[in-house]
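Visitor: Here you go, target-v9.pdb (PDB, C-alpha atoms, pLDDT in the B column):
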```
ATOM      1  CA  MET A   1     171.884  43.560  35.757  1.00 34.00           C
ATOM      2  CA  THR A   2     170.820  40.491  33.843  1.00 39.00           C
ATOM      3  CA  GLU A   3     172.013  36.987  34.605  1.00 41.00           C
ATOM      4  CA  ARG A   4     174.360  37.404  31.619  1.00 47.00           C
ATOM      5  CA  GLN A   5     176.372  40.096  33.370  1.00 49.00           C
ATOM      6  CA  ASN A   6     177.024  40.249  37.061  1.00 52.00           C
ATOM      7  CA  SER A   7     177.896  43.396  38.999  1.00 54.00           C
ATOM      8  CA  ASP A   8     181.548  42.299  39.181  1.00 61.00           C
ATOM      9  CA  GLY A   9     181.808  42.137  35.381  1.00 71.00           C
ATOM     10  CA  ASP A  10     181.980  38.343  35.161  1.00 76.00           C
ATOM     11  CA  ILE A  11     180.172  37.238  31.997  1.00 76.00           C
ATOM     12  CA  ARG A  12     180.043  33.572  33.014  1.00 77.00           C
ATOM     13  CA  ALA A  13     176.686  32.184  34.110  1.00 81.00           C
ATOM     14  CA  GLY A  14     176.422  31.940  37.896  1.00 79.00           C
ATOM     15  CA  HIS A  15     176.246  28.141  37.934  1.00 74.00           C
ATOM     16  CA  LEU A  16     179.315  27.907  35.666  1.00 69.00           C
ATOM     17  CA  ARG A  17     181.657  30.325  37.444  1.00 75.00           C
ATOM     18  CA  GLN A  18     183.982  27.586  38.661  1.00 77.00           C
ATOM     19  CA  ASN A  19     184.963  26.912  35.029  1.00 83.00           C
ATOM     20  CA  ASP A  20     186.561  28.872  32.222  1.00 93.00           C
ATOM     21  CA  PHE A  21     184.214  30.437  29.661  1.00 94.00           C
ATOM     22  CA  LEU A  22     183.389  28.383  26.569  1.00 96.00           C
ATOM     23  CA  GLY A  23     181.193  30.248  24.120  1.00 97.00           C
ATOM     24  CA  ALA A  24     179.478  29.879  20.752  1.00 98.00           C
ATOM     25  CA  PHE A  25     178.524  32.975  18.737  1.00 98.00           C
ATOM     26  CA  ALA A  26     176.521  33.447  15.543  1.00 98.00           C
ATOM     27  CA  VAL A  27     177.391  35.651  12.593  1.00 98.00           C
ATOM     28  CA  VAL A  28     174.018  36.018  10.892  1.00 98.00           C
ATOM     29  CA  GLU A  29     174.602  38.193   7.819  1.00 98.00           C
ATOM     30  CA  THR A  30     172.114  39.334   5.195  1.00 97.00           C
ATOM     31  CA  GLU A  31     171.939  42.302   2.841  1.00 97.00           C
ATOM     32  CA  ALA A  32     170.629  44.251   5.874  1.00 97.00           C
ATOM     33  CA  GLY A  33     173.941  43.667   7.685  1.00 98.00           C
ATOM     34  CA  ILE A  34     175.136  41.524  10.587  1.00 98.00           C
ATOM     35  CA  LEU A  35     172.655  40.785  13.367  1.00 98.00           C
ATOM     36  CA  MET A  36     173.799  42.313  16.673  1.00 98.00           C
ATOM     37  CA  VAL A  37     172.251  42.249  20.146  1.00 98.00           C
ATOM     38  CA  GLN A  38     172.600  44.855  22.868  1.00 98.00           C
ATOM     39  CA  ASN A  39     173.752  43.802  26.338  1.00 97.00           C
ATOM     40  CA  ARG A  40     174.564  45.536  29.601  1.00 95.00           C
ATOM     41  CA  ARG A  41     178.135  44.851  30.740  1.00 93.00           C
ATOM     42  CA  CYS A  42     180.459  45.991  33.516  1.00 91.00           C
ATOM     43  CA  ILE A  43     183.683  47.127  31.860  1.00 91.00           C
ATOM     44  CA  GLY A  44     186.355  49.149  33.592  1.00 89.00           C
ATOM     45  CA  GLY A  45     184.297  49.217  36.767  1.00 90.00           C
ATOM     46  CA  ARG A  46     181.279  50.893  35.168  1.00 94.00           C
ATOM     47  CA  GLU A  47     178.089  49.706  33.549  1.00 95.00           C
ATOM     48  CA  VAL A  48     178.017  50.173  29.767  1.00 96.00           C
ATOM     49  CA  LEU A  49     175.826  49.075  26.881  1.00 97.00           C
ATOM     50  CA  THR A  50     177.533  46.922  24.267  1.00 97.00           C
ATOM     51  CA  TRP A  51     176.556  45.516  20.896  1.00 98.00           C
ATOM     52  CA  ASP A  52     177.507  41.852  20.588  1.00 98.00           C
ATOM     53  CA  LEU A  53     176.869  38.904  18.315  1.00 98.00           C
ATOM     54  CA  PRO A  54     174.069  36.594  19.447  1.00 98.00           C
ATOM     55  CA  GLY A  55     175.448  33.689  21.423  1.00 98.00           C
ATOM     56  CA  GLY A  56     176.768  32.781  24.804  1.00 96.00           C
ATOM     57  CA  GLN A  57     178.097  30.199  27.171  1.00 95.00           C
ATOM     58  CA  VAL A  58     178.027  26.479  26.417  1.00 97.00           C
ATOM     59  CA  GLU A  59     176.290  24.483  29.137  1.00 95.00           C
ATOM     60  CA  PRO A  60     177.739  21.232  30.571  1.00 94.00           C
ATOM     61  CA  SER A  61     177.156  18.241  28.244  1.00 95.00           C
ATOM     62  CA  GLU A  62     176.123  20.588  25.411  1.00 97.00           C
ATOM     63  CA  THR A  63     177.834  20.676  22.014  1.00 98.00           C
ATOM     64  CA  LEU A  64     178.904  23.946  20.418  1.00 98.00           C
ATOM     65  CA  VAL A  65     176.217  23.650  17.729  1.00 98.00           C
ATOM     66  CA  ALA A  66     173.504  22.827  20.281  1.00 98.00           C
ATOM     67  CA  ALA A  67     174.556  25.857  22.370  1.00 98.00           C
ATOM     68  CA  LEU A  68     174.530  28.040  19.273  1.00 98.00           C
ATOM     69  CA  GLY A  69     171.004  26.918  18.391  1.00 98.00           C
ATOM     70  CA  ARG A  70     169.798  27.418  21.967  1.00 98.00           C
ATOM     71  CA  GLU A  71     171.320  30.890  22.218  1.00 98.00           C
ATOM     72  CA  LEU A  72     169.850  31.993  18.871  1.00 98.00           C
ATOM     73  CA  LYS A  73     166.405  30.867  19.988  1.00 98.00           C
ATOM     74  CA  GLU A  74     166.726  32.378  23.483  1.00 97.00           C
ATOM     75  CA  GLU A  75     168.144  35.744  22.408  1.00 98.00           C
ATOM     76  CA  VAL A  76     166.638  36.532  19.007  1.00 98.00           C
ATOM     77  CA  ASN A  77     163.886  33.953  18.401  1.00 98.00           C
ATOM     78  CA  LEU A  78     165.644  32.296  15.453  1.00 98.00           C
ATOM     79  CA  VAL A  79     165.770  28.559  14.841  1.00 98.00           C
ATOM     80  CA  LEU A  80     169.086  27.325  13.460  1.00 98.00           C
ATOM     81  CA  LEU A  81     168.653  25.260  10.284  1.00 98.00           C
ATOM     82  CA  GLY A  82     171.434  23.142   8.847  1.00 95.00           C
ATOM     83  CA  ASP A  83     175.044  23.146   9.899  1.00 96.00           C
ATOM     84  CA  PRO A  84     176.864  26.359  10.744  1.00 98.00           C
ATOM     85  CA  SER A  85     180.336  27.014   9.293  1.00 98.00           C
ATOM     86  CA  LEU A  86     183.207  27.687  11.670  1.00 98.00           C
ATOM     87  CA  LEU A  87     184.699  31.123  11.007  1.00 98.00           C
ATOM     88  CA  PHE A  88     187.287  31.499  13.757  1.00 98.00           C
ATOM     89  CA  VAL A  89     188.250  30.770  17.353  1.00 98.00           C
ATOM     90  CA  GLN A  90     189.105  33.394  19.970  1.00 97.00           C
ATOM     91  CA  GLU A  91     191.046  32.540  23.101  1.00 96.00           C
ATOM     92  CA  GLY A  92     191.932  34.938  25.867  1.00 94.00           C
ATOM     93  CA  LEU A  93     192.407  35.711  29.522  1.00 93.00           C
ATOM     94  CA  ARG A  94     190.219  37.880  31.734  1.00 91.00           C
ATOM     95  CA  THR A  95     192.383  39.520  34.402  1.00 93.00           C
ATOM     96  CA  THR A  96     191.677  41.927  37.218  1.00 91.00           C
ATOM     97  CA  GLY A  97     194.536  43.738  38.909  1.00 92.00           C
ATOM     98  CA  GLY A  98     197.064  41.430  37.256  1.00 92.00           C
ATOM     99  CA  LYS A  99     195.338  38.264  38.554  1.00 94.00           C
ATOM    100  CA  VAL A 100     193.812  35.814  36.064  1.00 94.00           C
ATOM    101  CA  ASP A 101     190.086  35.451  36.701  1.00 92.00           C
ATOM    102  CA  TYR A 102     189.437  32.912  33.951  1.00 93.00           C
ATOM    103  CA  ALA A 103     190.295  31.953  30.397  1.00 94.00           C
ATOM    104  CA  TRP A 104     187.758  32.101  27.614  1.00 93.00           C
ATOM    105  CA  ARG A 105     187.441  30.259  24.354  1.00 96.00           C
ATOM    106  CA  SER A 106     184.815  31.442  21.912  1.00 97.00           C
ATOM    107  CA  PHE A 107     183.860  29.827  18.623  1.00 98.00           C
ATOM    108  CA  PHE A 108     182.317  32.026  15.927  1.00 98.00           C
ATOM    109  CA  PHE A 109     180.100  30.483  13.262  1.00 98.00           C
ATOM    110  CA  ALA A 110     178.555  31.728  10.018  1.00 98.00           C
ATOM    111  CA  ILE A 111     174.859  30.954   9.998  1.00 98.00           C
ATOM    112  CA  ALA A 112     173.501  30.277   6.526  1.00 95.00           C
ATOM    113  CA  ARG A 113     169.889  29.382   7.332  1.00 97.00           C
ATOM    114  CA  THR A 114     167.461  30.193  10.094  1.00 98.00           C
ATOM    115  CA  GLU A 115     163.726  30.075  10.574  1.00 98.00           C
ATOM    116  CA  GLY A 116     161.639  32.811  12.158  1.00 97.00           C
ATOM    117  CA  LEU A 117     161.753  36.558  12.404  1.00 97.00           C
ATOM    118  CA  PRO A 118     164.453  38.071  14.616  1.00 97.00           C
ATOM    119  CA  ALA A 119     163.066  39.626  17.785  1.00 97.00           C
ATOM    120  CA  ALA A 120     164.870  40.685  20.950  1.00 97.00           C
ATOM    121  CA  SER A 121     164.029  38.477  23.919  1.00 96.00           C
ATOM    122  CA  SER A 122     164.210  39.326  27.603  1.00 95.00           C
ATOM    123  CA  GLU A 123     167.840  38.082  27.551  1.00 95.00           C
ATOM    124  CA  VAL A 124     168.993  41.058  25.459  1.00 97.00           C
ATOM    125  CA  LEU A 125     168.085  44.736  25.481  1.00 98.00           C
ATOM    126  CA  ALA A 126     167.646  45.213  21.721  1.00 98.00           C
ATOM    127  CA  LEU A 127     168.718  43.933  18.340  1.00 98.00           C
ATOM    128  CA  ARG A 128     169.706  45.574  15.091  1.00 98.00           C
ATOM    129  CA  TRP A 129     171.297  44.850  11.741  1.00 98.00           C
ATOM    130  CA  VAL A 130     174.655  46.586  11.273  1.00 98.00           C
ATOM    131  CA  GLN A 131     176.648  46.988   8.077  1.00 98.00           C
ATOM    132  CA  ARG A 132     180.238  45.686   8.248  1.00 97.00           C
ATOM    133  CA  SER A 133     181.579  49.196   7.618  1.00 97.00           C
ATOM    134  CA  ASP A 134     179.755  50.504  10.717  1.00 98.00           C
ATOM    135  CA  LEU A 135     180.969  47.806  13.130  1.00 98.00           C
ATOM    136  CA  PRO A 136     184.395  49.299  14.064  1.00 97.00           C
ATOM    137  CA  GLY A 137     182.743  52.382  15.588  1.00 95.00           C
ATOM    138  CA  LEU A 138     180.173  50.271  17.419  1.00 96.00           C
ATOM    139  CA  LEU A 139     182.295  47.450  18.866  1.00 97.00           C
ATOM    140  CA  THR A 140     184.348  48.906  21.711  1.00 94.00           C
ATOM    141  CA  ALA A 141     184.415  46.177  24.395  1.00 94.00           C
ATOM    142  CA  PRO A 142     187.789  44.534  25.107  1.00 93.00           C
ATOM    143  CA  TYR A 143     186.579  41.170  23.803  1.00 93.00           C
ATOM    144  CA  HIS A 144     185.557  42.657  20.417  1.00 96.00           C
ATOM    145  CA  ASP A 145     189.171  42.876  19.209  1.00 95.00           C
ATOM    146  CA  SER A 146     189.228  39.450  17.575  1.00 96.00           C
ATOM    147  CA  PHE A 147     185.939  39.896  15.720  1.00 97.00           C
ATOM    148  CA  LEU A 148     187.101  43.270  14.387  1.00 97.00           C
ATOM    149  CA  LEU A 149     190.435  41.774  13.325  1.00 96.00           C
ATOM    150  CA  TRP A 150     188.657  38.877  11.613  1.00 97.00           C
ATOM    151  CA  LEU A 151     186.426  41.348   9.726  1.00 97.00           C
ATOM    152  CA  LYS A 152     189.503  43.268   8.583  1.00 96.00           C
ATOM    153  CA  THR A 153     191.968  40.472   7.798  1.00 96.00           C
ATOM    154  CA  GLY A 154     190.226  37.103   7.964  1.00 96.00           C
ATOM    155  CA  GLY A 155     192.017  34.285   9.741  1.00 95.00           C
ATOM    156  CA  ASN A 156     190.891  31.455  11.971  1.00 96.00           C
ATOM    157  CA  PHE A 157     192.547  31.884  15.408  1.00 95.00           C
ATOM    158  CA  PHE A 158     193.011  34.963  17.579  1.00 95.00           C
ATOM    159  CA  THR A 159     194.263  35.589  21.082  1.00 94.00           C
ATOM    160  CA  SER A 160     192.843  38.361  23.192  1.00 93.00           C
ATOM    161  CA  ALA A 161     193.050  39.877  26.670  1.00 90.00           C
ATOM    162  CA  TRP A 162     190.484  41.626  28.868  1.00 91.00           C
ATOM    163  CA  GLN A 163     192.434  43.435  31.547  1.00 91.00           C
ATOM    164  CA  GLU A 164     190.779  45.487  34.279  1.00 90.00           C
TER     165      GLU A 164
END
```
What's the structure tokens form of this structure?

Guide:
Amino acid sequence: MTERQNSDGDIRAGHLRQNDFLGAFAVVETEAGILMVQNRRCIGGREVLTWDLPGGQVEPSETLVAALGRELKEEVNLVLLGDPSLLFVQEGLRTTGGKVDYAWRSFFFAIARTEGLPAASSEVLALRWVQRSDLPGLLTAPYHDSFLLWLKTGGNFFTSAWQE
């Protein structure tokens, strides 16, 4: 298990587990598709591989844009150039056995310009470009529902639930 996913399925960083999850995620799209990273997650009590957008948890005293730039650099070796455009916000609850573990709020941004060549770092297992039409069959984690709905219908705010 990486630091990004603990054996109990909690995606929050160890030093931030006392707080709800606040995340920033990048939609980097070119003619090759949307950039996705592979992670190991614990879902439904078992370890699975998921394809996710690059991004992650915002650190204390860090802005959303600073977190987005840090995560892009850490995960896929890209430097964020210019200002990202807010696409949508996802808010949800992570529950286990009917008990709320934490709330999450994730902000998704379109990334117009980056510098560097994408390469998977030690924080992710792999990366790949995926065409929009192929994403519904690839994105099966409970937290993917809002991104899939945004791809299908647009919009700017979605609620979600991850129930175990």

Visitor: Run the PyMOL selection byres ((chain A and resi 26) around 10) mentally over the shown coordinates, then write out the matched residues as a short mmCIF file (atom, residue, chain, number, x, y, z; two decimals) with C-alpha atoms, in the frame of the given file, using the chain letters and numbers from the document.

Guide:
```cif
data_model
loop_
_atom_site.label_atom_id
_atom_site.label_comp_id
_atom_site.auth_asym_id
_atom_site.auth_seq_id
_atom_site.Cartn_x
_atom_site.Cartn_y
_atom_site.Cartn_z
CA ALA A 24 179.48 29.88 20.75
CA PHE A 25 178.52 32.98 18.74
CA VAL A 27 177.39 35.65 12.59
CA VAL A 28 174.02 36.02 10.89
CA GLU A 29 174.60 38.19 7.82
CA ILE A 34 175.14 41.52 10.59
CA LEU A 35 172.66 40.78 13.37
CA MET A 36 173.80 42.31 16.67
CA ASP A 52 177.51 41.85 20.59
CA LEU A 53 176.87 38.90 18.32
CA PRO A 54 174.07 36.59 19.45
CA GLY A 55 175.45 33.69 21.42
CA GLY A 56 176.77 32.78 24.80
CA LEU A 68 174.53 28.04 19.27
CA GLY A 69 171.00 26.92 18.39
CA GLU A 71 171.32 30.89 22.22
CA LEU A 72 169.85 31.99 18.87
CA LEU A 80 169.09 27.32 13.46
CA PRO A 84 176.86 26.36 10.74
CA SER A 85 180.34 27.01 9.29
CA LEU A 86 183.21 27.69 11.67
CA LEU A 87 184.70 31.12 11.01
CA PHE A 107 183.86 29.83 18.62
CA PHE A 108 182.32 32.03 15.93
CA PHE A 109 180.10 30.48 13.26
CA ALA A 110 178.56 31.73 10.02
CA ILE A 111 174.86 30.95 10.00
#
```

Visitor: Which residues would end up in the selection if the PyMOL selection byres ((chain A and resi 140) around 12) were applied here, given that I need the answer as number ranges by chain?

Guide: A: 41, 43, 48-52, 135-139, 141-148, 162

Visitor: Go through A:Gly23, A:Gly44, A:Pro60, A:Gly33 and flag the residue nearest Gln163 of chain A, using only C-alpha atoms for the distances.

Guide: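 Answer, going by the shortest atom-to-atom distance: A:Gly44.
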
Visitor: Between atom CA of Glu47 of chain A and atom CA of Lys73 of chain A, what is the spacing in Å?

Guide: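 Separating atom CA of Lys73 of chain A from atom CA of Glu47 of chain A is a distance of 26.0 Å.
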
Visitor: Which residue, A:Arg105, A:Leu151, A:Gly97, A:Val76, has the smallest gap to Val37 of chain A when you use only C-alpha atoms?

Guide: A:Val76

Visitor: Which residue gives the smallest distance to Glu31 of chain A among A:Arg17, A:Gln57, A:Val130, A:Ala161, with only C-alpha atoms counted?

Guide: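 Of A:Arg17, A:Gln57, A:Val130, A:Ala161, the one nearest Glu31 of chain A is A:Val130, counting only C-alpha atoms.
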
Visitor: Please rebuild segment 96-128 of chain A with N, CA and C atoms and return the result as a CSV table (one decimal), in the coordinates of the input.

Guide:
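File written: selection_4.csv
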```csv
chain,number,residue,atom,x,y,z
A,96,THR,N,192.0,40.8,36.4
A,96,THR,CA,191.7,41.9,37.2
A,96,THR,C,192.9,42.2,38.1
A,97,GLY,N,193.4,43.4,38.1
A,97,GLY,CA,194.5,43.7,38.9
A,97,GLY,C,195.7,42.8,38.7
A,98,GLY,N,195.9,42.3,37.5
A,98,GLY,CA,197.1,41.4,37.3
A,98,GLY,C,196.8,40.0,37.6
A,99,LYS,N,195.7,39.6,38.2
A,99,LYS,CA,195.3,38.3,38.6
A,99,LYS,C,194.4,37.7,37.5
A,100,VAL,N,194.7,36.5,37.0
A,100,VAL,CA,193.8,35.8,36.1
A,100,VAL,C,192.5,35.4,36.7
A,101,ASP,N,191.4,35.9,36.2
A,101,ASP,CA,190.1,35.5,36.7
A,101,ASP,C,189.7,34.2,36.0
A,102,TYR,N,189.8,34.1,34.7
A,102,TYR,CA,189.4,32.9,34.0
A,102,TYR,C,189.9,33.1,32.5
A,103,ALA,N,190.0,32.0,31.8
A,103,ALA,CA,190.3,32.0,30.4
A,103,ALA,C,189.0,31.8,29.7
A,104,TRP,N,188.9,32.3,28.4
A,104,TRP,CA,187.8,32.1,27.6
A,104,TRP,C,188.2,31.6,26.2
A,105,ARG,N,187.3,30.8,25.7
A,105,ARG,CA,187.4,30.3,24.4
A,105,ARG,C,186.1,30.4,23.7
A,106,SER,N,186.1,31.2,22.6
A,106,SER,CA,184.8,31.4,21.9
A,106,SER,C,184.9,31.0,20.5
A,107,PHE,N,183.9,30.3,20.0
A,107,PHE,CA,183.9,29.8,18.6
A,107,PHE,C,182.8,30.6,17.9
A,108,PHE,N,183.2,31.2,16.7
A,108,PHE,CA,182.3,32.0,15.9
A,108,PHE,C,181.9,31.3,14.6
A,109,PHE,N,180.6,31.2,14.4
A,109,PHE,CA,180.1,30.5,13.3
A,109,PHE,C,179.3,31.4,12.3
A,110,ALA,N,179.4,31.1,11.0
A,110,ALA,CA,178.6,31.7,10.0
A,110,ALA,C,177.3,30.9,10.0
A,111,ILE,N,176.2,31.6,10.0
A,111,ILE,CA,174.9,31.0,10.0
A,111,ILE,C,174.2,31.2,8.6
A,112,ALA,N,174.0,30.1,7.9
A,112,ALA,CA,173.5,30.3,6.5
A,112,ALA,C,172.0,30.3,6.5
A,113,ARG,N,171.4,29.5,7.4
A,113,ARG,CA,169.9,29.4,7.3
A,113,ARG,C,169.3,29.4,8.7
A,114,THR,N,168.2,30.2,8.9
A,114,THR,CA,167.5,30.2,10.1
A,114,THR,C,166.0,30.2,9.7
A,115,GLU,N,165.2,30.0,10.7
A,115,GLU,CA,163.7,30.1,10.6
A,115,GLU,C,163.2,31.0,11.6
A,116,GLY,N,162.2,31.9,11.2
A,116,GLY,CA,161.6,32.8,12.2
A,116,GLY,C,162.1,34.2,11.9
A,117,LEU,N,161.4,35.1,12.5
A,117,LEU,CA,161.8,36.6,12.4
A,117,LEU,C,162.5,37.0,13.6
A,118,PRO,N,163.7,37.7,13.5
A,118,PRO,CA,164.5,38.1,14.6
A,118,PRO,C,163.7,39.0,15.5
A,119,ALA,N,163.7,38.8,16.8
A,119,ALA,CA,163.1,39.6,17.8
A,119,ALA,C,163.9,39.5,19.1
A,120,ALA,N,164.1,40.7,19.7
A,120,ALA,CA,164.9,40.7,21.0
A,120,ALA,C,164.0,40.0,22.1
A,121,SER,N,164.7,39.1,22.8
A,121,SER,CA,164.0,38.5,23.9
A,121,SER,C,164.4,39.2,25.2
A,122,SER,N,163.9,38.7,26.3
A,122,SER,CA,164.2,39.3,27.6
A,122,SER,C,165.7,39.1,28.0
A,123,GLU,N,166.4,38.3,27.3
A,123,GLU,CA,167.8,38.1,27.6
A,123,GLU,C,168.7,39.2,27.0
A,124,VAL,N,168.2,40.0,26.1
A,124,VAL,CA,169.0,41.1,25.5
A,124,VAL,C,168.1,42.3,25.5
A,125,LEU,N,168.8,43.5,25.4
A,125,LEU,CA,168.1,44.7,25.5
A,125,LEU,C,167.5,45.2,24.2
A,126,ALA,N,168.1,44.8,23.1
A,126,ALA,CA,167.6,45.2,21.7
A,126,ALA,C,168.4,44.4,20.7
A,127,LEU,N,168.0,44.5,19.4
A,127,LEU,CA,168.7,43.9,18.3
A,127,LEU,C,168.7,44.9,17.2
A,128,ARG,N,169.7,44.8,16.3
A,128,ARG,CA,169.7,45.6,15.1
A,128,ARG,C,170.6,44.9,14.1
```
